[in-house]
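**Q** Sharing a structure below in structure tokens format, with a few things to ask.
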There are 2 protein chains.
Amino acid sequence: MGSDREICNSSIDDIKFIIPVEEEMQDLSEFFKVFSDPTRLKILFILEKQELCVHIIAEALEMQQTAISHQLKILRQSRLVKYRKEGKHVYYSLNDNHIKEILKTGLEHIKE
Amino acid sequence: MGSDREICNSSIDDIKFIIPVEEEMQDLSEFFKVFSDPTRLKILFILEKQELCVHIIAEALEMQQTAISHQLKILRQSRLVKYRKEGKHVYYSLNDNHIKEILKTGLEHIKE
DNA sequence: GTAATATATGAATAGATGTTCATATATAAA
DNA sequence: TTTATATATGAACATCTATTCATATATTAC
């Protein structure tokens, strides 16, 4: 029972009950992963202002339509955006009010 | 000037001035990327409660010490954790109050 | 000094990710 | 029906990432 071993043993006993739940951490990391790509962030930021159809997003970000479509699929699957069809066009918009808050907090952090 | 082309042209003009700044989106995506890994999230959650040394974190999360050290390096570099040395041990703790807010908002989202 | 413990780090590897290309589907226009 | 436009999607590819392994450094104990 050396002194540093004592410190460490008591510590691990103390934190055993606050060890995070695996599934919750998996879900949370996947949630943040959606925000971890510049293209997806750009899409979210421009959709924050108004709903837009796919090719306008692609044109605005100067990227290929397929790249945008793939990213929109990820944003749809994580339910951060919704869409409505109107003729040939598909209009995308933000689906969740949490998003603005998350983006805002992140921006505040990096601007410090 | 077909009707749908009119719609789209006016749209792109409207959003030209709100197209996100590339560098800002890069920085922001890198910030969120740190939160996009379950191991790093677990580390942040247990450090939220108290400062801990490396091998205790590894033991608590049932992971190898080297894996934890590598992740702590990333957390250090993004200045989300700080550390102090005491003999053989290195004690890590959270460095930023924004972190708790970010984690809280994320958790609220996935629990809906 | 040597041995044991705590931590850090470079290299290797397997798996994940974003974009592009080719192409399919769907709607509208002619 | 044919043509053009808007969007979606699977496959391929290059890049990135998290972990492991081997090992280096540093401190303490003997």
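Lettering and numbering for the structure tokens are positional, with chains as A, B, ... in the shown order, residues counted from 1 in each chain, and ligands counted from 1 in the shown order.
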Could you name the residues that touch DA14 (chain C) at 12 Å or less, counting only C-alpha atoms (C1' of nucleotides), but leaving out those on the same chain fewer than 6 positions away, as a ChimeraX atom specification?
**A** /D:17-20
**Q** So that I can see what lies close to DA6 (chain D), please list as an MDAnalysis selection string the residues with an atom at most 9 Å from it, counting only C-alpha atoms (C1' of nucleotides) and leaving out residues fewer than 4 positions away in the same chain.
**A** (chainID A and resid 54:55 88:90) or (chainID C and resid 26:27)
**Q** Return as a list in words the residues belonging to chain D that are within 9 Å of chain A, counting only C-alpha atoms (C1' of nucleotides).
**A** DT5, DA6, DT7, DA8 and DT9 of chain D
**Q** Please identify which residues in chain A DSSP calls helix (DSSP H, G or I) from the backbone, and express them as a count of residues only.
**A** 73
**Q** Given a cut-off of 8 Å, which residues of chain A touch chain B, counting only C-alpha atoms, written out as a PyMOL selection string?
**A** chain A and resi 8+11-12+15-16+18-20+22+25-33+35-38+41-42+45-46+52-53+56+59-61+98+102+105-107+109-110
**Q** Excluding region 12-16 of chain D and any residue of its chain fewer than 5 positions from it, enumerate the residues within 10 Å of it, using only C-alpha atoms (C1' of nucleotides), and give them as a ChimeraX atom specification.
**A** /C:16-21
**Q** I'd like the interatomic distance between C1' of DA6 (chain C) and CA of Gln71 (chain B), to a tenth of an Å.
**A**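 So the two atoms, C1' of DA6 (chain C) and CA of Gln71 (chain B), lie 16.4 Å apart.
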**Q** Please determine the contact residues of chain C with respect to chain B at a cut-off of 10 Å, counting only C-alpha atoms (C1' of nucleotides), and supply them as a PDB file with N, CA and C atoms (P, O5', C5', C4', C3', O3' and C1' of nucleotides), in the first residue's frame.
**A**
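Below is the file out28.pdb, written as the result:
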```pdb
ATOM      1  P    DT C   5       5.489  -2.261 -10.312  1.00  0.00           P
ATOM      2  O5'  DT C   5       5.142  -0.740 -10.608  1.00  0.00           O
ATOM      3  C5'  DT C   5       5.276   0.224  -9.562  1.00  0.00           C
ATOM      4  C4'  DT C   5       5.082   1.605 -10.141  1.00  0.00           C
ATOM      5  C3'  DT C   5       3.875   1.729 -11.079  1.00  0.00           C
ATOM      6  O3'  DT C   5       3.061   2.802 -10.632  1.00  0.00           O
ATOM      7  C1'  DT C   5       5.807   2.645 -12.076  1.00  0.00           C
ATOM      8  P    DA C   6       1.664   3.146 -11.357  1.00  0.00           P
ATOM      9  O5'  DA C   6       2.078   4.395 -12.242  1.00  0.00           O
ATOM     10  C5'  DA C   6       2.546   5.581 -11.623  1.00  0.00           C
ATOM     11  C4'  DA C   6       2.699   6.667 -12.669  1.00  0.00           C
ATOM     12  C3'  DA C   6       1.547   6.736 -13.670  1.00  0.00           C
ATOM     13  O3'  DA C   6       1.138   8.090 -13.812  1.00  0.00           O
ATOM     14  C1'  DA C   6       3.605   6.497 -14.816  1.00  0.00           C
ATOM     15  P    DT C   7      -0.091   8.457 -14.777  1.00  0.00           P
ATOM     16  O5'  DT C   7       0.671   8.844 -16.113  1.00  0.00           O
ATOM     17  C5'  DT C   7       1.600   9.930 -16.077  1.00  0.00           C
ATOM     18  C4'  DT C   7       2.351  10.018 -17.377  1.00  0.00           C
ATOM     19  C3'  DT C   7       1.486  10.188 -18.620  1.00  0.00           C
ATOM     20  O3'  DT C   7       1.664  11.510 -19.089  1.00  0.00           O
ATOM     21  C1'  DT C   7       3.320   8.706 -18.978  1.00  0.00           C
ATOM     22  P    DA C   8       1.017  12.003 -20.468  1.00  0.00           P
ATOM     23  O5'  DA C   8       2.153  11.681 -21.531  1.00  0.00           O
ATOM     24  C5'  DA C   8       3.467  12.172 -21.317  1.00  0.00           C
ATOM     25  C4'  DA C   8       4.342  11.883 -22.528  1.00  0.00           C
ATOM     26  C3'  DA C   8       3.698  12.217 -23.870  1.00  0.00           C
ATOM     27  O3'  DA C   8       4.668  12.883 -24.668  1.00  0.00           O
ATOM     28  C1'  DA C   8       4.356   9.934 -23.838  1.00  0.00           C
ATOM     29  P    DT C   9       4.245  13.603 -26.027  1.00  0.00           P
ATOM     30  O5'  DT C   9       4.734  12.545 -27.109  1.00  0.00           O
ATOM     31  C5'  DT C   9       6.070  12.061 -27.041  1.00  0.00           C
ATOM     32  C4'  DT C   9       6.282  11.008 -28.109  1.00  0.00           C
ATOM     33  C3'  DT C   9       5.461  11.226 -29.395  1.00  0.00           C
ATOM     34  O3'  DT C   9       6.298  10.926 -30.501  1.00  0.00           O
ATOM     35  C1'  DT C   9       5.146   9.066 -28.627  1.00  0.00           C
TER      36       DT C   9
END
```
**Q** Name the residues of chain A that come out as strand (DSSP E or B) in a backbone DSSP run; write them as a ChimeraX atom specification.
**A** /A:52-53,81-86,89-94
**Q** Quick one: write out the picked residues with N, CA and C atoms as a PDB file, in the first residue's frame?
**A**
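Result file follows (again12.pdb):
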```pdb
ATOM      1  N   LEU A  52     -33.521  26.059 -49.289  1.00  0.00           N
ATOM      2  CA  LEU A  52     -32.880  26.128 -50.594  1.00  0.00           C
ATOM      3  C   LEU A  52     -32.930  24.767 -51.282  1.00  0.00           C
ATOM      4  N   CYS A  53     -32.909  24.795 -52.632  1.00  0.00           N
ATOM      5  CA  CYS A  53     -32.854  23.525 -53.340  1.00  0.00           C
ATOM      6  C   CYS A  53     -31.391  23.142 -53.599  1.00  0.00           C
ATOM      7  N   VAL A  81     -31.921  18.225 -41.019  1.00  0.00           N
ATOM      8  CA  VAL A  81     -32.647  18.970 -42.058  1.00  0.00           C
ATOM      9  C   VAL A  81     -33.899  18.199 -42.469  1.00  0.00           C
ATOM     10  N   LYS A  82     -34.874  18.944 -42.968  1.00  0.00           N
ATOM     11  CA  LYS A  82     -36.048  18.324 -43.581  1.00  0.00           C
ATOM     12  C   LYS A  82     -36.128  18.828 -45.018  1.00  0.00           C
ATOM     13  N   TYR A  83     -37.030  18.243 -45.810  1.00  0.00           N
ATOM     14  CA  TYR A  83     -37.143  18.684 -47.204  1.00  0.00           C
ATOM     15  C   TYR A  83     -38.579  18.572 -47.683  1.00  0.00           C
ATOM     16  N   ARG A  84     -38.860  19.354 -48.741  1.00  0.00           N
ATOM     17  CA  ARG A  84     -40.159  19.228 -49.406  1.00  0.00           C
ATOM     18  C   ARG A  84     -39.897  19.233 -50.897  1.00  0.00           C
ATOM     19  N   LYS A  85     -40.649  18.438 -51.635  1.00  0.00           N
ATOM     20  CA  LYS A  85     -40.479  18.365 -53.077  1.00  0.00           C
ATOM     21  C   LYS A  85     -41.464  19.307 -53.751  1.00  0.00           C
ATOM     22  N   GLU A  86     -40.973  19.968 -54.798  1.00  0.00           N
ATOM     23  CA  GLU A  86     -41.834  20.877 -55.565  1.00  0.00           C
ATOM     24  C   GLU A  86     -41.389  20.752 -57.008  1.00  0.00           C
ATOM     25  N   HIS A  89     -37.647  20.227 -58.155  1.00  0.00           N
ATOM     26  CA  HIS A  89     -36.780  20.687 -57.070  1.00  0.00           C
ATOM     27  C   HIS A  89     -37.067  20.003 -55.744  1.00  0.00           C
ATOM     28  N   VAL A  90     -36.048  19.943 -54.915  1.00  0.00           N
ATOM     29  CA  VAL A  90     -36.204  19.481 -53.539  1.00  0.00           C
ATOM     30  C   VAL A  90     -35.653  20.584 -52.640  1.00  0.00           C
ATOM     31  N   TYR A  91     -36.521  21.150 -51.839  1.00  0.00           N
ATOM     32  CA  TYR A  91     -36.115  22.255 -50.982  1.00  0.00           C
ATOM     33  C   TYR A  91     -35.778  21.752 -49.584  1.00  0.00           C
ATOM     34  N   TYR A  92     -34.587  22.073 -49.148  1.00  0.00           N
ATOM     35  CA  TYR A  92     -34.122  21.659 -47.826  1.00  0.00           C
ATOM     36  C   TYR A  92     -34.170  22.821 -46.838  1.00  0.00           C
ATOM     37  N   SER A  93     -34.452  22.479 -45.587  1.00  0.00           N
ATOM     38  CA  SER A  93     -34.424  23.502 -44.531  1.00  0.00           C
ATOM     39  C   SER A  93     -34.044  22.847 -43.206  1.00  0.00           C
ATOM     40  N   LEU A  94     -33.681  23.669 -42.223  1.00  0.00           N
ATOM     41  CA  LEU A  94     -33.302  23.138 -40.913  1.00  0.00           C
ATOM     42  C   LEU A  94     -34.513  22.500 -40.240  1.00  0.00           C
TER      43      LEU A  94
END
```
